[in-house]
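Trainee: Structure in structure tokens, see below.
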Amino acid sequence: MSTSTPIFLDQTRRFLALLSVSVPSFMINLDANIVAVSLPSIARSTRGDFAAIEWVISSYTLTFGCLVLPAGALADRYGRKRILLVGLSIFTLSSFLCGVAPSIAALNGSRALEGVGAALLLSASLAVLSHGFSGADRSRAFAFWGMMVGIAIAIGPIAGGIVTQTFGWRWAFCINLPVGLVVIPLVLCTVVESTDPDTGHVDVSGFILFSGGVFTLIFALISGNTRGWLSPPVTLSFSCAAGLLIGFLVAEARQSRPMVDLHLFRRRTFLGVNIAALAFAATLLTMLAYLPIFFQGALDRDPLQAGLLMLPLGVPLIVVPRMVAVRLTKRLTGRALLTTGLLLISTGFIALAIAVPFFNYVTLIAGLLAAGVGAGMLNSEVVKVGMTVVPAERAGMASGVSGTVRFTGVVIGFAALGAVFATRVTAVLRPGLNSLGLAVSGGGYAALVRRVVAGDLSGAVSSAPETIRNQLHTVVMTSFGAGFQAILLAAAAFAALSALLTWALVRQQDTAPVEPTSRTLSPEAFISTE
């Protein structure tokens with residue numbers, strides 16, 4: 001008994017340390033999914049218009065996207081544990097402020113602050129994880145991190161429906177409060193501080209240029225589908241983004257210790273894994289938002305039911321990372337795992353595109369499972385490989401690049417697939433209306449398209465004469481299905497192309513299989529021995 005007790009305590013502490021840096025990523029992903037489901041309730045409660053409600057998502061998106069890369073540099077400079085604690089504190093406090101916000105304006109301001117906290121804690125937690133583990137231990141640690149993210153993705157829509165319907169939308173934010181209050185002490189007790197010893201002054205010019213460039217780029221991508229891609233505000237935003245980001249590249253090239261070491265992108269493996277990460281985010285993570293729209297609009301399910309229908313896609317995100325870490329990382333290269341994951345996502349989306357016109361959930365299950373298995377292989381592997389090929393002392397920078405690439409992929413995916421969706425719906429809807437002899441005016445037609453794209457198919461036909469309502473519903477369903485099929489095929493093509501590029505760029509010797517070690521999550525650099 002005397003020999004087993006210290007081992008148990010040691011293993012328990014290791015698990016708590018790993019948990020304390022994985023739960024923050026869980027919080028971010030759970031928050032995103034729950035809030036998305038809660039938007040209709042927020043609109044009704046606050047009496048906010050559509051533009052104001054959009055900013056519940058957009059205000060968070062802008063601050064998070066602008067700061068996730070600089071946050072990694074700050075973690076290297078001032079300490080990963082310290083920035084993790086600051087990020088957790090800001091995220092927890094701002095979540096509470098969101099939950100008690102008296103108006104939509106206050107809610108949007110609190111959401112912007114929440115994005116700041118999320119950027120800090122995500123970059124710092126990945127940096128701590130990368131700094132503390134190596135070899136097979138790193139594979140298992142990132143597999144655990146990927147499993148936690150997978151759980152958040154899988155249960156997010158379901159939890160959102162339950163929380164919103166049972167307790168109200170404010171608890172969609174306040175649910176983060178008890179989690180944060182538990183995790184902060186865990187970080188204090190289990191994580192050892194680490195920094196980059198060669199970091200000098202903060203790269204202020206890089207910080208300003210990058211944040212400004214990403215802010216204007218994200219604003220343009222968010223606004224493009226609603227204001228028009230050639231409208232003056234959007235074109236001006238794109239121009240400003242291009243100028244600021246070019247200035248950022250020039251400024252970084254002149255820095256002795258830049259916020260982003262651009263020379264890393266000359267490494268084929270680093271470039272290849274970031275292409276894989278971008279594709280994963282732009283395809284799979286983006287479709288996590290589109291699929292519930294299809295389930296609710298085309299299959300006539302409520303938000304909670306739509307969340308349950310996502311389980312064939314979400315469950316592999318929980319199970320597969322562990323299987324990869326235990327069974328595959330010692331047999332396959334990271335190059336093979338990344339490529340296989342992208343090809344499975346592509347295959348799954350093709351199967352879904354074939355099944356969509358039947359509007360039958362059973363026909364979708366195989367495609368959802370295939371895409372889910374591919375996502376499970378990629379979710380932690382892209383982060384692990386990307387962090388592995390970067391020196392450990394620059395873990396904060398590497399985590400910032402990883403978070404920025406993944407986030408940028410989601411924003412680009414929403415903008416690009418949204419444009420494809422609207423274009424295809426428009427192309428199919430107009431001839432269908434003509435076949436019914438319906439002449440819809442410009443403004444009325446635009447409103448009809450917006451309803452169909454939003455998945456409000458019943459609303460799209462509600463004002464039509466009863467004599468043609470069934471025929472119009474068929475036309476609307478056909479156009480909605482065609483639009484959805486188009487975005488699935490576009491996502492599948494991008495995933496397949498990215499798989500080829502990943503295979504060509506990622507070097508086999510950089511991602512060799514890792515033999516298991518006799519230790520289990522036990523590097524001294526990670527676990528406090530005080």
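Following the order of the structure tokens, chains are lettered A, B, ..., residues in each are numbered from 1, and ligands are numbered from 1.
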Tell me which protein, DNA and RNA residues are within 9 Å of region 455-466 of chain A, counting only C-alpha atoms, leaving out same-chain ones fewer than 5 positions away, and put them as an MDAnalysis selection string.

Mentor: chainID A and resid 293:298 447:450 472:473 476:477 480

Trainee: Counting only C-alpha atoms, which residues in region 67-171 of chain A sit no more than 9 Å from region 203-225 of chain A? For each one, give the nearest pair of atoms and the distance in Å, sorted by chain then residue number, as CSV.

Mentor:
residue,atom,partner,partner_atom,distance
A:Leu67,CA,A:Ser211,CA,6.5
A:Leu69,CA,A:Phe210,CA,8.6
A:Pro70,CA,A:Phe207,CA,6.1
A:Ala73,CA,A:Asp203,CA,8.5

Trainee: Include N, CA, C and O atoms and write out the residues we just selected as a JSON list (two decimals), in the first residue's frame.

Mentor:
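What follows is the written file out.json:
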[["chain", "number", "residue", "atom", "x", "y", "z"],
["A", 67, "LEU", "N", -6.44, 38.83, -31.88],
["A", 67, "LEU", "CA", -5.53, 38.71, -30.74],
["A", 67, "LEU", "C", -4.94, 37.33, -30.55],
["A", 67, "LEU", "O", -4.01, 37.17, -29.75],
["A", 69, "LEU", "N", -3.01, 35.42, -32.35],
["A", 69, "LEU", "CA", -1.59, 35.34, -32.68],
["A", 69, "LEU", "C", -0.74, 36.21, -31.74],
["A", 69, "LEU", "O", 0.26, 35.72, -31.18],
["A", 70, "PRO", "N", -1.07, 37.49, -31.54],
["A", 70, "PRO", "CA", -0.31, 38.27, -30.55],
["A", 70, "PRO", "C", -0.33, 37.65, -29.16],
["A", 70, "PRO", "O", 0.65, 37.78, -28.42],
["A", 73, "ALA", "N", 2.59, 35.35, -28.68],
["A", 73, "ALA", "CA", 3.84, 36.08, -28.46],
["A", 73, "ALA", "C", 3.90, 36.61, -27.02],
["A", 73, "ALA", "O", 4.96, 36.59, -26.38]]

Trainee: Tell me, counting only C-alpha atoms, for each residue of region 173-212 of chain A within 12 Å of region 108-122 of chain A, which pair of atoms is nearest and how far apart they are in Å to one decimal, in rows ordered by chain and increasing number, as JSON lines.

Mentor:
{"residue": "A:Phe173", "atom": "CA", "partner": "A:Arg111", "partner_atom": "CA", "distance": 9.7}
{"residue": "A:Asn176", "atom": "CA", "partner": "A:Glu114", "partner_atom": "CA", "distance": 10.9}
{"residue": "A:Gly180", "atom": "CA", "partner": "A:Leu121", "partner_atom": "CA", "distance": 11.2}
{"residue": "A:Val183", "atom": "CA", "partner": "A:Leu121", "partner_atom": "CA", "distance": 11.6}
{"residue": "A:Ile184", "atom": "CA", "partner": "A:Leu121", "partner_atom": "CA", "distance": 11.1}
{"residue": "A:Val187", "atom": "CA", "partner": "A:Leu121", "partner_atom": "CA", "distance": 11.4}
{"residue": "A:Ser211", "atom": "CA", "partner": "A:Val116", "partner_atom": "CA", "distance": 11.9}

Trainee: Residues of region 189-220 of chain A that have any atom at most 12 Å from an atom of region 74-98 of chain A: could you tabulate them with the shortest-distance atom pair and the distance in Å to one decimal, using only C-alpha atoms, ordered by chain and increasing number, as a tab-separated table?

Mentor:
residue	atom	partner	partner_atom	distance
A:Cys189	CA	A:Lys81	CA	10.7
A:Thr190	CA	A:Lys81	CA	10.0
A:Val191	CA	A:Lys81	CA	6.7
A:Val192	CA	A:Lys81	CA	6.9
A:Glu193	CA	A:Lys81	CA	5.2
A:Ser194	CA	A:Gly79	CA	5.5
A:Thr195	CA	A:Gly79	CA	4.8
A:Asp196	CA	A:Asp76	CA	5.0
A:Pro197	CA	A:Arg77	CA	8.1
A:Asp198	CA	A:Arg77	CA	8.7
A:Thr199	CA	A:Arg77	CA	5.7
A:Gly200	CA	A:Arg77	CA	7.4
A:His201	CA	A:Arg77	CA	8.1
A:Val202	CA	A:Arg77	CA	7.5
A:Asp203	CA	A:Leu74	CA	9.4
A:Val204	CA	A:Leu74	CA	10.9
A:Phe207	CA	A:Leu74	CA	10.1

Trainee: I need the residues from that last selection saved to file as a PDB file, in the first residue's frame (with N, CA and C atoms), if you can.

Mentor:
ATOM      1  N   CYS A 189      -2.113  25.468  -9.180  1.00  0.00           N
ATOM      2  CA  CYS A 189      -1.504  24.391  -8.399  1.00  0.00           C
ATOM      3  C   CYS A 189      -0.695  23.407  -9.227  1.00  0.00           C
ATOM      4  N   THR A 190      -0.968  23.286 -10.512  1.00  0.00           N
ATOM      5  CA  THR A 190      -0.371  22.178 -11.271  1.00  0.00           C
ATOM      6  C   THR A 190       0.544  22.597 -12.405  1.00  0.00           C
ATOM      7  N   VAL A 191       0.410  23.795 -12.939  1.00  0.00           N
ATOM      8  CA  VAL A 191       1.186  24.200 -14.113  1.00  0.00           C
ATOM      9  C   VAL A 191       2.417  24.997 -13.679  1.00  0.00           C
ATOM     10  N   VAL A 192       3.557  24.638 -14.222  1.00  0.00           N
ATOM     11  CA  VAL A 192       4.801  25.352 -13.949  1.00  0.00           C
ATOM     12  C   VAL A 192       4.985  26.446 -15.000  1.00  0.00           C
ATOM     13  N   GLU A 193       5.451  27.609 -14.555  1.00  0.00           N
ATOM     14  CA  GLU A 193       5.661  28.731 -15.473  1.00  0.00           C
ATOM     15  C   GLU A 193       6.790  28.436 -16.452  1.00  0.00           C
ATOM     16  N   SER A 194       6.636  28.922 -17.674  1.00  0.00           N
ATOM     17  CA  SER A 194       7.686  28.791 -18.694  1.00  0.00           C
ATOM     18  C   SER A 194       7.619  29.989 -19.623  1.00  0.00           C
ATOM     19  N   THR A 195       8.787  30.393 -20.134  1.00  0.00           N
ATOM     20  CA  THR A 195       8.874  31.524 -21.055  1.00  0.00           C
ATOM     21  C   THR A 195       9.892  31.204 -22.139  1.00  0.00           C
ATOM     22  N   ASP A 196       9.989  32.084 -23.114  1.00  0.00           N
ATOM     23  CA  ASP A 196      11.050  32.015 -24.117  1.00  0.00           C
ATOM     24  C   ASP A 196      12.206  32.873 -23.605  1.00  0.00           C
ATOM     25  N   PRO A 197      13.341  32.267 -23.232  1.00  0.00           N
ATOM     26  CA  PRO A 197      14.431  33.045 -22.632  1.00  0.00           C
ATOM     27  C   PRO A 197      15.064  34.062 -23.569  1.00  0.00           C
ATOM     28  N   ASP A 198      14.848  33.892 -24.880  1.00  0.00           N
ATOM     29  CA  ASP A 198      15.475  34.801 -25.845  1.00  0.00           C
ATOM     30  C   ASP A 198      14.562  35.936 -26.290  1.00  0.00           C
ATOM     31  N   THR A 199      13.343  35.968 -25.720  1.00  0.00           N
ATOM     32  CA  THR A 199      12.416  37.031 -26.098  1.00  0.00           C
ATOM     33  C   THR A 199      12.882  38.372 -25.541  1.00  0.00           C
ATOM     34  N   GLY A 200      12.860  39.381 -26.366  1.00  0.00           N
ATOM     35  CA  GLY A 200      13.234  40.724 -25.924  1.00  0.00           C
ATOM     36  C   GLY A 200      12.003  41.572 -25.698  1.00  0.00           C
ATOM     37  N   HIS A 201      11.949  42.712 -26.384  1.00  0.00           N
ATOM     38  CA  HIS A 201      10.818  43.622 -26.221  1.00  0.00           C
ATOM     39  C   HIS A 201       9.599  43.098 -26.979  1.00  0.00           C
ATOM     40  N   VAL A 202       8.450  43.617 -26.616  1.00  0.00           N
ATOM     41  CA  VAL A 202       7.216  43.252 -27.306  1.00  0.00           C
ATOM     42  C   VAL A 202       7.199  43.887 -28.691  1.00  0.00           C
ATOM     43  N   ASP A 203       6.800  43.122 -29.681  1.00  0.00           N
ATOM     44  CA  ASP A 203       6.756  43.588 -31.069  1.00  0.00           C
ATOM     45  C   ASP A 203       5.499  44.450 -31.262  1.00  0.00           C
ATOM     46  N   VAL A 204       5.608  45.713 -30.856  1.00  0.00           N
ATOM     47  CA  VAL A 204       4.445  46.612 -30.872  1.00  0.00           C
ATOM     48  C   VAL A 204       3.966  46.871 -32.296  1.00  0.00           C
ATOM     49  N   PHE A 207       2.215  43.867 -33.594  1.00  0.00           N
ATOM     50  CA  PHE A 207       0.929  43.731 -32.917  1.00  0.00           C
ATOM     51  C   PHE A 207      -0.124  44.631 -33.554  1.00  0.00           C
TER      52      PHE A 207
END

Trainee: Please return as a count of residues only: the residues of region 76-216 of chain A that backbone DSSP assigns to helix (DSSP H, G or I).

Mentor: 116

Trainee: Mind checking which residues fall within 10 Å of Val401 (chain A), counting only C-alpha atoms, ignoring those fewer than 5 positions away in the same chain, and posting them as a ChimeraX atom specification?

Mentor: /A:68-73,123,259-260,274,383,386-387,395-396,406-407

Trainee: Could the residues in this selection be saved with N, CA, C and O atoms as a JSON list (two decimals), in the first residue's frame?

Mentor:
[["chain", "number", "residue", "atom", "x", "y", "z"],
["A", 68, "VAL", "N", -5.45, 36.30, -31.23],
["A", 68, "VAL", "CA", -4.97, 34.95, -30.93],
["A", 68, "VAL", "C", -3.49, 34.78, -31.28],
["A", 68, "VAL", "O", -2.74, 34.11, -30.55],
["A", 69, "LEU", "N", -3.01, 35.42, -32.35],
["A", 69, "LEU", "CA", -1.59, 35.34, -32.68],
["A", 69, "LEU", "C", -0.74, 36.21, -31.74],
["A", 69, "LEU", "O", 0.26, 35.72, -31.18],
["A", 70, "PRO", "N", -1.07, 37.49, -31.54],
["A", 70, "PRO", "CA", -0.31, 38.27, -30.55],
["A", 70, "PRO", "C", -0.33, 37.65, -29.16],
["A", 70, "PRO", "O", 0.65, 37.78, -28.42],
["A", 71, "ALA", "N", -1.41, 36.96, -28.80],
["A", 71, "ALA", "CA", -1.48, 36.33, -27.48],
["A", 71, "ALA", "C", -0.40, 35.28, -27.32],
["A", 71, "ALA", "O", 0.17, 35.12, -26.22],
["A", 72, "GLY", "N", -0.09, 34.56, -28.40],
["A", 72, "GLY", "CA", 0.98, 33.57, -28.32],
["A", 72, "GLY", "C", 2.33, 34.22, -28.05],
["A", 72, "GLY", "O", 3.14, 33.72, -27.26],
["A", 73, "ALA", "N", 2.59, 35.35, -28.68],
["A", 73, "ALA", "CA", 3.84, 36.08, -28.46],
["A", 73, "ALA", "C", 3.90, 36.61, -27.02],
["A", 73, "ALA", "O", 4.96, 36.59, -26.38],
["A", 123, "SER", "N", -4.19, 30.39, -26.85],
["A", 123, "SER", "CA", -2.77, 30.40, -27.22],
["A", 123, "SER", "C", -1.89, 29.92, -26.07],
["A", 123, "SER", "O", -0.97, 29.13, -26.28],
["A", 259, "MET", "N", 7.28, 38.68, -33.90],
["A", 259, "MET", "CA", 6.11, 38.02, -33.33],
["A", 259, "MET", "C", 5.83, 36.72, -34.08],
["A", 259, "MET", "O", 5.41, 35.72, -33.48],
["A", 260, "VAL", "N", 6.06, 36.72, -35.38],
["A", 260, "VAL", "CA", 5.94, 35.52, -36.21],
["A", 260, "VAL", "C", 7.23, 35.35, -36.98],
["A", 260, "VAL", "O", 7.64, 36.24, -37.73],
["A", 274, "ASN", "N", -0.14, 23.61, -41.83],
["A", 274, "ASN", "CA", -1.05, 24.76, -41.74],
["A", 274, "ASN", "C", -2.07, 24.77, -42.87],
["A", 274, "ASN", "O", -3.19, 25.26, -42.69],
["A", 383, "VAL", "N", -2.65, 20.26, -34.71],
["A", 383, "VAL", "CA", -2.01, 21.09, -33.68],
["A", 383, "VAL", "C", -0.70, 20.45, -33.24],
["A", 383, "VAL", "O", 0.33, 21.11, -33.12],
["A", 386, "GLY", "N", 2.01, 20.71, -35.98],
["A", 386, "GLY", "CA", 2.42, 22.10, -36.13],
["A", 386, "GLY", "C", 3.30, 22.58, -35.00],
["A", 386, "GLY", "O", 4.24, 23.35, -35.20],
["A", 387, "MET", "N", 3.02, 22.13, -33.77],
["A", 387, "MET", "CA", 3.83, 22.53, -32.62],
["A", 387, "MET", "C", 5.15, 21.76, -32.57],
["A", 387, "MET", "O", 6.14, 22.27, -32.07],
["A", 395, "ALA", "N", 6.93, 28.07, -28.32],
["A", 395, "ALA", "CA", 5.64, 27.38, -28.29],
["A", 395, "ALA", "C", 4.47, 28.35, -28.34],
["A", 395, "ALA", "O", 3.43, 28.07, -28.94],
["A", 396, "GLY", "N", 4.62, 29.51, -27.69],
["A", 396, "GLY", "CA", 3.54, 30.50, -27.71],
["A", 396, "GLY", "C", 3.27, 31.01, -29.11],
["A", 396, "GLY", "O", 2.12, 31.13, -29.54],
["A", 406, "ARG", "N", -6.60, 28.25, -37.82],
["A", 406, "ARG", "CA", -7.87, 27.55, -37.65],
["A", 406, "ARG", "C", -9.03, 28.55, -37.67],
["A", 406, "ARG", "O", -10.04, 28.31, -38.34],
["A", 407, "PHE", "N", -8.86, 29.66, -36.96],
["A", 407, "PHE", "CA", -9.93, 30.65, -36.91],
["A", 407, "PHE", "C", -10.15, 31.29, -38.28],
["A", 407, "PHE", "O", -11.29, 31.47, -38.72]]
